[in-house]
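start-v8.cif, holding mmCIF, C-alpha atoms and all ligand atoms:
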```cif
data_run
loop_
_atom_site.group_PDB
_atom_site.id
_atom_site.type_symbol
_atom_site.label_atom_id
_atom_site.label_comp_id
_atom_site.auth_asym_id
_atom_site.auth_seq_id
_atom_site.Cartn_x
_atom_site.Cartn_y
_atom_site.Cartn_z
ATOM 1 C CA ALA A 1 18.952 -19.769 14.617
ATOM 2 C CA ALA A 2 22.028 -18.415 12.869
ATOM 3 C CA PRO A 3 21.577 -15.354 10.668
ATOM 4 C CA VAL A 4 20.981 -16.062 6.995
ATOM 5 C CA GLU A 5 24.259 -15.635 5.088
ATOM 6 C CA SER A 6 22.827 -13.371 2.449
ATOM 7 C CA TRP A 7 19.426 -12.237 1.259
ATOM 8 C CA ASP A 8 19.811 -12.886 -2.446
ATOM 9 C CA LYS A 9 16.199 -13.063 -3.741
ATOM 10 C CA PRO A 10 14.497 -13.248 -0.333
ATOM 11 C CA LEU A 11 11.057 -13.440 -1.992
ATOM 12 C CA ALA A 12 11.832 -16.275 -4.425
ATOM 13 C CA GLY A 13 8.781 -18.505 -4.846
ATOM 14 C CA LYS A 14 6.437 -15.930 -3.310
ATOM 15 C CA VAL A 15 3.402 -14.436 -5.006
ATOM 16 C CA ALA A 16 2.653 -10.779 -4.238
ATOM 17 C CA LEU A 17 -0.378 -8.630 -4.998
ATOM 18 C CA VAL A 18 0.261 -4.885 -5.239
ATOM 19 C CA THR A 19 -2.809 -2.665 -5.581
ATOM 20 C CA GLY A 20 -2.543 0.726 -7.273
ATOM 21 C CA ALA A 21 0.482 -0.579 -9.176
ATOM 22 C CA ALA A 22 0.008 1.313 -12.452
ATOM 23 C CA ARG A 23 2.066 4.282 -11.295
ATOM 24 C CA GLY A 24 3.701 6.084 -8.404
ATOM 25 C CA ILE A 25 4.608 4.284 -5.198
ATOM 26 C CA GLY A 26 2.742 1.109 -6.235
ATOM 27 C CA ALA A 27 4.685 0.750 -9.501
ATOM 28 C CA THR A 28 7.987 1.012 -7.619
ATOM 29 C CA ILE A 29 6.828 -1.457 -4.953
ATOM 30 C CA ALA A 30 6.082 -3.906 -7.799
ATOM 31 C CA GLU A 31 9.600 -3.382 -9.159
ATOM 32 C CA VAL A 32 11.322 -3.880 -5.819
ATOM 33 C CA LEU A 33 9.337 -7.004 -4.880
ATOM 34 C CA ALA A 34 10.078 -8.512 -8.313
ATOM 35 C CA ARG A 35 13.765 -7.671 -7.904
ATOM 36 C CA ASP A 36 13.646 -9.653 -4.657
ATOM 37 C CA GLY A 37 12.266 -12.664 -6.509
ATOM 38 C CA ALA A 38 8.485 -12.425 -6.075
ATOM 39 C CA HIS A 39 5.976 -13.020 -8.841
ATOM 40 C CA VAL A 40 4.039 -9.754 -8.796
ATOM 41 C CA ILE A 41 0.370 -9.394 -9.612
ATOM 42 C CA ALA A 42 0.017 -5.715 -10.431
ATOM 43 C CA ALA A 43 -3.539 -4.515 -9.827
ATOM 44 C CA ASP A 44 -5.158 -1.186 -10.634
ATOM 45 C CA ILE A 45 -8.461 0.250 -11.850
ATOM 46 C CA PRO A 46 -9.428 -0.840 -15.383
ATOM 47 C CA ALA A 47 -9.040 2.799 -16.519
ATOM 48 C CA ALA A 48 -5.312 2.584 -15.752
ATOM 49 C CA GLY A 49 -5.076 0.559 -18.993
ATOM 50 C CA GLU A 50 -1.660 0.596 -20.650
ATOM 51 C CA ALA A 51 0.137 1.931 -17.585
ATOM 52 C CA LEU A 52 -0.817 -1.207 -15.666
ATOM 53 C CA SER A 53 0.393 -3.533 -18.435
ATOM 54 C CA GLU A 54 3.627 -1.562 -18.539
ATOM 55 C CA THR A 55 4.258 -2.156 -14.826
ATOM 56 C CA ALA A 56 3.397 -5.840 -15.156
ATOM 57 C CA ASN A 57 5.642 -6.302 -18.206
ATOM 58 C CA LYS A 58 8.521 -4.429 -16.619
ATOM 59 C CA VAL A 59 8.512 -6.728 -13.584
ATOM 60 C CA GLY A 60 7.741 -9.950 -15.472
ATOM 61 C CA GLY A 61 4.476 -10.217 -13.552
ATOM 62 C CA THR A 62 0.757 -10.251 -14.290
ATOM 63 C CA ALA A 63 -1.621 -7.335 -14.771
ATOM 64 C CA LEU A 64 -4.933 -7.619 -12.947
ATOM 65 C CA PRO A 65 -7.475 -4.878 -13.700
ATOM 66 C CA LEU A 66 -9.189 -4.448 -10.333
ATOM 67 C CA ASP A 67 -11.174 -1.711 -8.638
ATOM 68 C CA VAL A 68 -10.473 -2.488 -4.989
ATOM 69 C CA THR A 69 -13.873 -1.060 -4.013
ATOM 70 C CA ALA A 70 -15.824 -3.441 -6.273
ATOM 71 C CA ASP A 71 -18.087 -5.874 -4.409
ATOM 72 C CA ASP A 72 -16.358 -8.836 -6.006
ATOM 73 C CA ALA A 73 -12.768 -7.529 -5.632
ATOM 74 C CA GLY A 74 -11.771 -10.091 -2.985
ATOM 75 C CA ALA A 75 -13.446 -12.940 -4.831
ATOM 76 C CA LYS A 76 -11.717 -11.937 -8.064
ATOM 77 C CA VAL A 77 -8.261 -11.864 -6.484
ATOM 78 C CA ALA A 78 -8.883 -15.147 -4.644
ATOM 79 C CA GLU A 79 -9.995 -16.865 -7.831
ATOM 80 C CA HIS A 80 -7.011 -15.490 -9.754
ATOM 81 C CA VAL A 81 -4.364 -16.573 -7.239
ATOM 82 C CA LEU A 82 -5.904 -19.945 -6.368
ATOM 83 C CA GLU A 83 -6.218 -20.930 -10.031
ATOM 84 C CA ARG A 84 -2.809 -19.762 -11.169
ATOM 85 C CA HIS A 85 -0.583 -20.006 -8.105
ATOM 86 C CA GLY A 86 -2.428 -22.053 -5.496
ATOM 87 C CA GLY A 87 -2.454 -19.030 -3.156
ATOM 88 C CA LEU A 88 -0.991 -15.652 -2.296
ATOM 89 C CA ASP A 89 1.891 -14.806 0.061
ATOM 90 C CA ILE A 90 2.051 -11.017 0.097
ATOM 91 C CA ILE A 91 -0.638 -8.340 -0.116
ATOM 92 C CA VAL A 92 0.403 -4.720 -0.467
ATOM 93 C CA ASN A 93 -2.618 -2.476 0.010
ATOM 94 C CA ASN A 94 -1.229 0.588 -1.746
ATOM 95 C CA ALA A 95 -4.164 1.884 -3.840
ATOM 96 C CA GLY A 96 -5.241 5.216 -2.427
ATOM 97 C CA ILE A 97 -6.911 8.488 -3.341
ATOM 98 C CA THR A 98 -7.245 12.023 -2.024
ATOM 99 C CA ARG A 99 -10.349 14.235 -2.299
ATOM 100 C CA ASP A 100 -9.190 17.274 -0.318
ATOM 101 C CA LYS A 101 -11.466 20.051 0.999
ATOM 102 C CA LEU A 102 -11.427 22.159 4.102
ATOM 103 C CA LEU A 103 -13.729 20.706 6.732
ATOM 104 C CA ALA A 104 -16.564 23.218 6.140
ATOM 105 C CA ASN A 105 -16.822 22.037 2.529
ATOM 106 C CA MET A 106 -16.165 18.369 3.095
ATOM 107 C CA ASP A 107 -19.158 16.691 1.437
ATOM 108 C CA ALA A 108 -20.312 13.097 1.825
ATOM 109 C CA GLY A 109 -19.093 12.135 -1.646
ATOM 110 C CA ARG A 110 -15.498 13.104 -0.873
ATOM 111 C CA TRP A 111 -15.657 11.527 2.565
ATOM 112 C CA ASN A 112 -17.144 8.232 1.417
ATOM 113 C CA SER A 113 -14.959 7.691 -1.632
ATOM 114 C CA VAL A 114 -11.736 8.210 0.335
ATOM 115 C CA ILE A 115 -12.832 5.984 3.225
ATOM 116 C CA SER A 116 -13.992 3.381 0.771
ATOM 117 C CA VAL A 117 -10.735 3.114 -1.241
ATOM 118 C CA ASN A 118 -8.220 3.805 1.525
ATOM 119 C CA LEU A 119 -9.765 2.037 4.516
ATOM 120 C CA ILE A 120 -12.638 -0.295 3.695
ATOM 121 C CA ALA A 121 -11.002 -1.903 0.650
ATOM 122 C CA PRO A 122 -7.773 -3.018 2.406
ATOM 123 C CA GLN A 123 -9.799 -4.558 5.223
ATOM 124 C CA THR A 124 -12.259 -6.298 2.911
ATOM 125 C CA LEU A 125 -9.536 -7.661 0.673
ATOM 126 C CA VAL A 126 -7.638 -9.249 3.553
ATOM 127 C CA ASN A 127 -10.839 -10.662 5.054
ATOM 128 C CA GLU A 128 -12.027 -12.146 1.780
ATOM 129 C CA LEU A 129 -8.675 -13.734 0.998
ATOM 130 C CA ILE A 130 -8.497 -15.312 4.437
ATOM 131 C CA GLU A 131 -12.077 -16.551 4.211
ATOM 132 C CA ARG A 132 -11.338 -18.138 0.853
ATOM 133 C CA LYS A 133 -8.104 -19.673 2.193
ATOM 134 C CA ALA A 134 -6.119 -17.840 -0.458
ATOM 135 C CA LEU A 135 -3.540 -16.252 1.861
ATOM 136 C CA ARG A 136 -0.776 -18.699 2.648
ATOM 137 C CA LYS A 137 0.784 -19.355 6.039
ATOM 138 C CA GLY A 138 3.939 -17.319 6.544
ATOM 139 C CA GLY A 139 2.547 -14.493 4.440
ATOM 140 C CA ALA A 140 2.749 -10.750 4.901
ATOM 141 C CA VAL A 141 0.270 -7.904 4.580
ATOM 142 C CA VAL A 142 1.674 -4.413 4.135
ATOM 143 C CA ASP A 143 -0.697 -1.442 4.213
ATOM 144 C CA VAL A 144 0.266 1.976 2.926
ATOM 145 C CA SER A 145 -0.922 4.505 5.495
ATOM 146 C CA SER A 146 0.346 8.099 5.604
ATOM 147 C CA ILE A 147 1.884 10.595 7.949
ATOM 148 C CA ALA A 148 -1.515 12.332 7.605
ATOM 149 C CA GLY A 149 -2.972 9.389 9.545
ATOM 150 C CA ILE A 150 -0.585 10.128 12.429
ATOM 151 C CA ALA A 151 -0.271 13.898 12.438
ATOM 152 C CA GLY A 152 -3.362 14.962 10.463
ATOM 153 C CA ASN A 153 -3.267 17.463 7.614
ATOM 154 C CA ARG A 154 -5.268 20.575 6.815
ATOM 155 C CA GLY A 155 -7.935 19.892 4.188
ATOM 156 C CA GLN A 156 -7.588 16.143 4.611
ATOM 157 C CA THR A 157 -9.991 15.051 7.358
ATOM 158 C CA ASN A 158 -11.284 12.286 5.098
ATOM 159 C CA TYR A 159 -7.798 11.176 4.056
ATOM 160 C CA GLY A 160 -6.260 11.518 7.537
ATOM 161 C CA ALA A 161 -9.132 9.547 9.069
ATOM 162 C CA SER A 162 -8.805 6.819 6.447
ATOM 163 C CA LYS A 163 -5.055 6.502 6.977
ATOM 164 C CA ALA A 164 -5.395 6.573 10.788
ATOM 165 C CA GLY A 165 -7.990 3.827 10.338
ATOM 166 C CA VAL A 166 -5.431 1.748 8.480
ATOM 167 C CA ILE A 167 -3.158 1.942 11.521
ATOM 168 C CA GLY A 168 -6.077 0.725 13.640
ATOM 169 C CA LEU A 169 -6.547 -2.171 11.222
ATOM 170 C CA VAL A 170 -2.908 -3.174 11.555
ATOM 171 C CA ASP A 171 -3.069 -3.086 15.351
ATOM 172 C CA THR A 172 -6.237 -5.156 15.423
ATOM 173 C CA TYR A 173 -5.314 -7.696 12.779
ATOM 174 C CA ALA A 174 -1.763 -8.396 13.986
ATOM 175 C CA PRO A 175 -2.678 -10.888 16.740
ATOM 176 C CA ILE A 176 -5.425 -12.453 14.614
ATOM 177 C CA LEU A 177 -3.140 -13.066 11.629
ATOM 178 C CA ALA A 178 -0.270 -14.170 13.856
ATOM 179 C CA LYS A 179 -2.208 -17.384 14.470
ATOM 180 C CA SER A 180 -1.618 -18.211 10.785
ATOM 181 C CA GLY A 181 1.976 -17.030 10.819
ATOM 182 C CA ILE A 182 1.045 -13.938 8.785
ATOM 183 C CA THR A 183 2.473 -10.518 9.628
ATOM 184 C CA ILE A 184 0.754 -7.186 9.046
ATOM 185 C CA ASN A 185 2.524 -3.838 9.151
ATOM 186 C CA ALA A 186 2.046 -0.357 7.771
ATOM 187 C CA VAL A 187 4.297 2.229 6.222
ATOM 188 C CA ALA A 188 3.371 5.866 6.783
ATOM 189 C CA PRO A 189 5.079 7.931 4.098
ATOM 190 C CA GLY A 190 5.577 11.664 4.351
ATOM 191 C CA PHE A 191 5.724 13.760 1.199
ATOM 192 C CA ILE A 192 6.747 11.558 -1.755
ATOM 193 C CA GLU A 193 7.191 12.884 -5.302
ATOM 194 C CA THR A 194 4.355 11.290 -7.314
ATOM 195 C CA ALA A 195 1.413 12.354 -9.484
ATOM 196 C CA MET A 196 -0.676 12.483 -6.296
ATOM 197 C CA THR A 197 1.521 15.138 -4.691
ATOM 198 C CA ALA A 198 2.184 16.939 -7.998
ATOM 199 C CA ALA A 199 -1.518 17.873 -7.883
ATOM 200 C CA ILE A 200 -1.066 19.788 -4.587
ATOM 201 C CA PRO A 201 -0.865 23.608 -4.935
ATOM 202 C CA LEU A 202 2.768 24.764 -5.123
ATOM 203 C CA ALA A 203 3.033 26.540 -1.749
ATOM 204 C CA THR A 204 1.518 23.607 0.156
ATOM 205 C CA ARG A 205 3.724 21.233 -1.791
ATOM 206 C CA GLU A 206 6.832 23.126 -0.719
ATOM 207 C CA VAL A 207 5.741 22.943 2.936
ATOM 208 C CA GLY A 208 5.270 19.177 2.540
ATOM 209 C CA ARG A 209 8.779 18.817 1.148
ATOM 210 C CA ARG A 210 10.325 20.871 3.942
ATOM 211 C CA MET A 211 8.543 18.855 6.643
ATOM 212 C CA ASN A 212 10.062 15.677 5.281
ATOM 213 C CA SER A 213 12.679 14.138 7.536
ATOM 214 C CA LEU A 214 15.074 14.387 4.567
ATOM 215 C CA GLN A 215 14.219 18.101 4.114
ATOM 216 C CA GLN A 216 13.180 17.315 0.545
ATOM 217 C CA GLY A 217 10.476 15.291 -1.173
ATOM 218 C CA GLY A 218 10.988 11.559 -0.741
ATOM 219 C CA GLN A 219 11.200 9.118 -3.635
ATOM 220 C CA THR A 220 8.897 6.180 -4.327
ATOM 221 C CA VAL A 221 11.816 3.804 -3.822
ATOM 222 C CA ASP A 222 12.207 5.001 -0.218
ATOM 223 C CA VAL A 223 8.727 3.645 0.508
ATOM 224 C CA ALA A 224 9.139 0.537 -1.656
ATOM 225 C CA GLU A 225 12.283 -0.650 0.141
ATOM 226 C CA THR A 226 10.516 -0.457 3.503
ATOM 227 C CA VAL A 227 7.568 -2.394 2.097
ATOM 228 C CA ALA A 228 10.045 -4.992 0.791
ATOM 229 C CA TYR A 229 11.475 -5.390 4.290
ATOM 230 C CA PHE A 230 8.015 -6.043 5.753
ATOM 231 C CA ALA A 231 7.303 -8.505 2.924
ATOM 232 C CA SER A 232 10.559 -10.406 3.401
ATOM 233 C CA PRO A 233 11.422 -13.263 5.755
ATOM 234 C CA ALA A 234 13.841 -10.860 7.473
ATOM 235 C CA SER A 235 10.786 -9.418 9.257
ATOM 236 C CA ASN A 236 9.049 -12.706 10.106
ATOM 237 C CA ALA A 237 8.878 -11.709 13.763
ATOM 238 C CA VAL A 238 7.826 -8.122 13.121
ATOM 239 C CA THR A 239 4.109 -7.441 13.141
ATOM 240 C CA GLY A 240 1.655 -4.726 14.178
ATOM 241 C CA ASN A 241 4.053 -1.872 13.409
ATOM 242 C CA VAL A 242 3.810 1.451 11.647
ATOM 243 C CA VAL A 243 7.000 2.863 10.189
ATOM 244 C CA ARG A 244 7.317 6.456 9.043
ATOM 245 C CA VAL A 245 9.166 6.780 5.755
ATOM 246 C CA CYS A 246 10.275 10.298 4.933
ATOM 247 C CA GLY A 247 7.913 11.250 7.725
ATOM 248 C CA GLN A 248 7.952 14.751 9.071
ATOM 249 C CA SER A 249 10.228 15.176 12.020
ATOM 250 C CA LEU A 250 9.480 18.847 12.558
ATOM 251 C CA LEU A 251 5.819 18.829 13.604
HETATM 252 P P1 LIG B 301 -0.908 7.843 -7.229
HETATM 253 O O1 LIG B 301 -2.166 8.611 -7.347
HETATM 254 O O2 LIG B 301 0.266 8.230 -8.067
HETATM 255 O O3 LIG B 301 -1.184 6.291 -7.481
HETATM 256 C C1 LIG B 301 -2.258 5.639 -6.866
HETATM 257 C C2 LIG B 301 -2.704 4.481 -7.732
HETATM 258 O O4 LIG B 301 -3.828 3.862 -7.085
HETATM 259 C C3 LIG B 301 -3.173 4.941 -9.126
HETATM 260 O O5 LIG B 301 -2.569 4.164 -10.131
HETATM 261 C C4 LIG B 301 -4.678 4.719 -9.069
HETATM 262 O O6 LIG B 301 -5.273 4.405 -10.323
HETATM 263 C C5 LIG B 301 -4.786 3.572 -8.065
HETATM 264 N N1 LIG B 301 -6.139 3.484 -7.521
HETATM 265 C C6 LIG B 301 -6.928 4.504 -7.079
HETATM 266 N N2 LIG B 301 -8.134 4.031 -6.743
HETATM 267 C C7 LIG B 301 -8.120 2.693 -6.956
HETATM 268 C C8 LIG B 301 -9.081 1.673 -6.813
HETATM 269 N N3 LIG B 301 -10.335 1.925 -6.403
HETATM 270 N N4 LIG B 301 -8.727 0.396 -7.141
HETATM 271 C C9 LIG B 301 -7.481 0.128 -7.590
HETATM 272 N N5 LIG B 301 -6.529 1.065 -7.760
HETATM 273 C C10 LIG B 301 -6.848 2.332 -7.449
HETATM 274 O O7 LIG B 301 -0.548 7.871 -5.670
HETATM 275 P P2 LIG B 301 0.820 7.589 -4.884
HETATM 276 O O8 LIG B 301 1.381 8.887 -4.485
HETATM 277 O O9 LIG B 301 1.653 6.621 -5.616
HETATM 278 O O10 LIG B 301 0.221 6.910 -3.579
HETATM 279 C C11 LIG B 301 0.216 5.501 -3.335
HETATM 280 C C12 LIG B 301 -0.247 5.266 -1.908
HETATM 281 O O11 LIG B 301 0.628 5.952 -1.010
HETATM 282 C C13 LIG B 301 -1.656 5.800 -1.595
HETATM 283 O O12 LIG B 301 -2.308 4.925 -0.699
HETATM 284 C C14 LIG B 301 -1.364 7.133 -0.936
HETATM 285 O O13 LIG B 301 -2.421 7.528 -0.121
HETATM 286 C C15 LIG B 301 -0.125 6.782 -0.149
HETATM 287 N N6 LIG B 301 0.691 7.928 0.241
HETATM 288 C C16 LIG B 301 1.260 8.751 -0.705
HETATM 289 C C17 LIG B 301 2.048 9.814 -0.287
HETATM 290 C C18 LIG B 301 2.703 10.740 -1.255
HETATM 291 O O14 LIG B 301 3.313 11.727 -0.778
HETATM 292 N N7 LIG B 301 2.655 10.520 -2.550
HETATM 293 C C19 LIG B 301 2.278 10.091 1.138
HETATM 294 C C20 LIG B 301 1.636 9.157 2.020
HETATM 295 C C21 LIG B 301 0.888 8.127 1.582
#
```
Can you turn what I pasted into structure tokens?
Amino acid sequence: AAPVESWDKPLAGKVALVTGAARGIGATIAEVLARDGAHVIAADIPAAGEALSETANKVGGTALPLDVTADDAGAKVAEHVLERHGGLDIIVNNAGITRDKLLANMDAGRWNSVISVNLIAPQTLVNELIERKALRKGGAVVDVSSIAGIAGNRGQTNYGASKAGVIGLVDTYAPILAKSGITINAVAPGFIETAMTAAIPLATREVGRRMNSLQQGGQTVDVAETVAYFASPASNAVTGNVVRVCGQSLL
């Protein structure tokens, strides 16, 4: 087929769910997908409150209070999209948390909460939406992993394991979803300037910035544009990949 002449609004007519959309990388992903023409359902924990409505209003989308670890999370999303839109085209599993501790002090609470939000929830959500026939043919799943899931990171065994697990999910799901014409890919950001990284002690934060391939902290839009590529028809034949964004080149 001939190349498309231009990609004005490549996501027109598509419905996209972005989890963790109240702030940070998720809020910018919502903006970029809406710019490209998608109707965005911005999801975040109920406690995100106003910040979530702000994202949704800014992008002309819908706010969906949703704890991705809730037992009924998948059912809730399926019901929402089937009732209002007849289905969903794009899932961006962006919601994520850190609970850092050096390995000797890594307790079960920290381990389980991080695995639950970062790894189990993305898998469950995709499964539930497929089971309920809510994910349309030709769709795209984009998971936000991390460079910590490729290279590891001191004090982040729980987080690194969860993000490495996400890469395993992508590898395993790619051929399964391909049967329905759905792609699944991951982005693995390096250090990005958000509230999550602002909480890191200063010295460690500086190291993170320096290890970035840009030699400075990346911006949320750097990640969002890569997500938009994976969500767009330009990447219809691209599945099962992990792309480093602002990933460290020096380790
Ligand atoms: P952030 O902390 O600024 O935003 C994360 C959002 O996820 C928050 O709005 C939070 O309320 C939401 N969230 C947390 N638990 C949730 C749950 N159970 N259900 C629904 N929403 C939930 O974080 P940031 O930096 O924007 O990170 C976004 C994603 O990117 C995460 O998956 C993170 O692990 C990943 N990442 C971030 C990097 C960085 O340098 N900032 C680097 C690599 C990956």
Using only the atoms of ligand LIG 301 (chain B) listed in the file, plus 6 Å on each side, state the axis-aligned box centre and edge lengths in Å rounded to one decimal, as JSON.
```
{"center_x": -3.5, "center_y": 5.9, "center_z": -4.2, "size_x": 25.6, "size_y": 23.6, "size_z": 24.3}
```
For region 36-116 of chain A versus region 15-21 of chain A, which residues have an atom no more than 12 Å away, and what is each residue's nearest atom pair and distance in Å rounded to one decimal, using only C-alpha atoms, chain-then-number order, as a tab-separated table?
```
residue	atom	partner	partner_atom	distance
A:Asp36	CA	A:Ala16	CA	11.1
A:Gly37	CA	A:Val15	CA	9.2
A:Ala38	CA	A:Val15	CA	5.6
A:His39	CA	A:Val15	CA	4.8
A:Val40	CA	A:Ala16	CA	4.9
A:Ile41	CA	A:Leu17	CA	4.7
A:Ala42	CA	A:Val18	CA	5.3
A:Ala43	CA	A:Thr19	CA	4.7
A:Asp44	CA	A:Gly20	CA	4.7
A:Ile45	CA	A:Gly20	CA	7.5
A:Pro46	CA	A:Gly20	CA	10.8
A:Ala47	CA	A:Gly20	CA	11.5
A:Ala48	CA	A:Gly20	CA	9.1
A:Gly49	CA	A:Ala21	CA	11.3
A:Glu50	CA	A:Ala21	CA	11.7
A:Ala51	CA	A:Ala21	CA	8.8
A:Leu52	CA	A:Ala21	CA	6.6
A:Ser53	CA	A:Ala21	CA	9.7
A:Glu54	CA	A:Ala21	CA	9.9
A:Thr55	CA	A:Ala21	CA	7.0
A:Ala56	CA	A:Ala21	CA	8.5
A:Asn57	CA	A:Ala21	CA	11.9
A:Lys58	CA	A:Ala21	CA	11.6
A:Val59	CA	A:Ala21	CA	11.0
A:Gly61	CA	A:Ala16	CA	9.5
A:Thr62	CA	A:Leu17	CA	9.5
A:Ala63	CA	A:Ala21	CA	9.0
A:Leu64	CA	A:Thr19	CA	9.1
A:Pro65	CA	A:Thr19	CA	9.6
A:Leu66	CA	A:Thr19	CA	8.2
A:Asp67	CA	A:Thr19	CA	9.0
A:Val68	CA	A:Thr19	CA	7.7
A:Thr69	CA	A:Thr19	CA	11.3
A:Ala73	CA	A:Thr19	CA	11.1
A:Gly74	CA	A:Leu17	CA	11.7
A:Val77	CA	A:Leu17	CA	8.6
A:Ala78	CA	A:Leu17	CA	10.7
A:His80	CA	A:Leu17	CA	10.7
A:Val81	CA	A:Val15	CA	8.4
A:Leu82	CA	A:Val15	CA	10.9
A:Arg84	CA	A:Val15	CA	10.2
A:His85	CA	A:Val15	CA	7.5
A:Gly86	CA	A:Val15	CA	9.6
A:Gly87	CA	A:Val15	CA	7.7
A:Leu88	CA	A:Val15	CA	5.3
A:Asp89	CA	A:Val15	CA	5.3
A:Ile90	CA	A:Ala16	CA	4.4
A:Ile91	CA	A:Leu17	CA	4.9
A:Val92	CA	A:Val18	CA	4.8
A:Asn93	CA	A:Thr19	CA	5.6
A:Asn94	CA	A:Thr19	CA	5.3
A:Ala95	CA	A:Gly20	CA	4.0
A:Gly96	CA	A:Gly20	CA	7.1
A:Ile97	CA	A:Gly20	CA	9.7
```
Which polymer residues have any atom within 10 Å of an atom of Leu214 (chain A), counting only C-alpha atoms, with same-chain residues fewer than 6 positions away left out, as a PyMOL selection string? chain A and resi 190-191+245-249
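Our summary of the geometry notes that CA of Val126 (chain A) is positioned 11.7 Å from CA of Ile176 (chain A).
CA of Ala199 (chain A) is found 16.1 Å from CA of Thr220 (chain A).
With atom C3 of ligand LIG 301 (chain B) on one side and CA of Asp100 (chain A) on the other, the separation reads 16.3 Å.
Among the candidate residues A:Pro189, A:Gly60, A:Gly240, A:Pro233, the one lying nearest to ligand LIG 301 (chain B) is A:Pro189, with distances computed using only C-alpha atoms and all ligand atoms.
Nearest residue to Thr194 (chain A), choosing from A:Gly109, A:Gly26, A:Gly13, A:Pro122 and counting all atoms listed in the file: A:Gly26.
Picked by the PyMOL selection byres (((chain A and resi 114) around 9) and not hetatm) from the coordinates shown: Gly96, Ile97, Thr98, Arg99, Gly109, Arg110, Trp111, Asn112, Ser113, Ile115, Ser116, Val117, Asn118, Leu119, Asn158, Tyr159 and Ser162 of chain A.
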Residues picked by the PyMOL selection byres (((chain A and resi 222) around 10) and not hetatm) here, as an NGL selection string? :A and (25 or 28-29 or 189 or 192 or 218-221 or 223-227 or 245-246)
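Among the candidates A:Ile120, A:Ala231, A:Lys133, A:Asn212, the residue lying nearest to Gly168 (chain A) is A:Ile120 (atoms considered: all atoms listed in the file).
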Mind rebuilding region 45-49 of chain A with all heavy atoms and writing that out as an mmCIF file, in the frame of the given file?
```cif
data_model
loop_
_atom_site.group_PDB
_atom_site.id
_atom_site.type_symbol
_atom_site.label_atom_id
_atom_site.label_comp_id
_atom_site.auth_asym_id
_atom_site.auth_seq_id
_atom_site.Cartn_x
_atom_site.Cartn_y
_atom_site.Cartn_z
ATOM 1 N N ILE A 45 -7.139 0.076 -11.227
ATOM 2 C CA ILE A 45 -8.461 0.250 -11.850
ATOM 3 C C ILE A 45 -8.368 -0.016 -13.357
ATOM 4 O O ILE A 45 -7.342 0.295 -13.977
ATOM 5 C CB ILE A 45 -9.042 1.668 -11.613
ATOM 6 C CG1 ILE A 45 -7.980 2.746 -11.876
ATOM 7 C CG2 ILE A 45 -9.605 1.794 -10.224
ATOM 8 C CD1 ILE A 45 -8.525 4.157 -11.838
ATOM 9 N N PRO A 46 -9.442 -0.552 -13.941
ATOM 10 C CA PRO A 46 -9.428 -0.840 -15.383
ATOM 11 C C PRO A 46 -9.011 0.384 -16.209
ATOM 12 O O PRO A 46 -8.316 0.243 -17.212
ATOM 13 C CB PRO A 46 -10.880 -1.244 -15.668
ATOM 14 C CG PRO A 46 -11.369 -1.810 -14.366
ATOM 15 C CD PRO A 46 -10.673 -1.040 -13.286
ATOM 16 N N ALA A 47 -9.375 1.589 -15.762
ATOM 17 C CA ALA A 47 -9.040 2.799 -16.519
ATOM 18 C C ALA A 47 -7.533 3.050 -16.578
ATOM 19 O O ALA A 47 -7.064 3.847 -17.406
ATOM 20 C CB ALA A 47 -9.754 4.005 -15.899
ATOM 21 N N ALA A 48 -6.771 2.399 -15.737
ATOM 22 C CA ALA A 48 -5.312 2.584 -15.752
ATOM 23 C C ALA A 48 -4.707 2.022 -17.042
ATOM 24 O O ALA A 48 -3.626 2.436 -17.465
ATOM 25 C CB ALA A 48 -4.672 1.918 -14.536
ATOM 26 N N GLY A 49 -5.412 1.077 -17.663
ATOM 27 C CA GLY A 49 -5.076 0.559 -18.993
ATOM 28 C C GLY A 49 -3.618 0.207 -19.199
ATOM 29 O O GLY A 49 -3.044 -0.618 -18.492
#
```
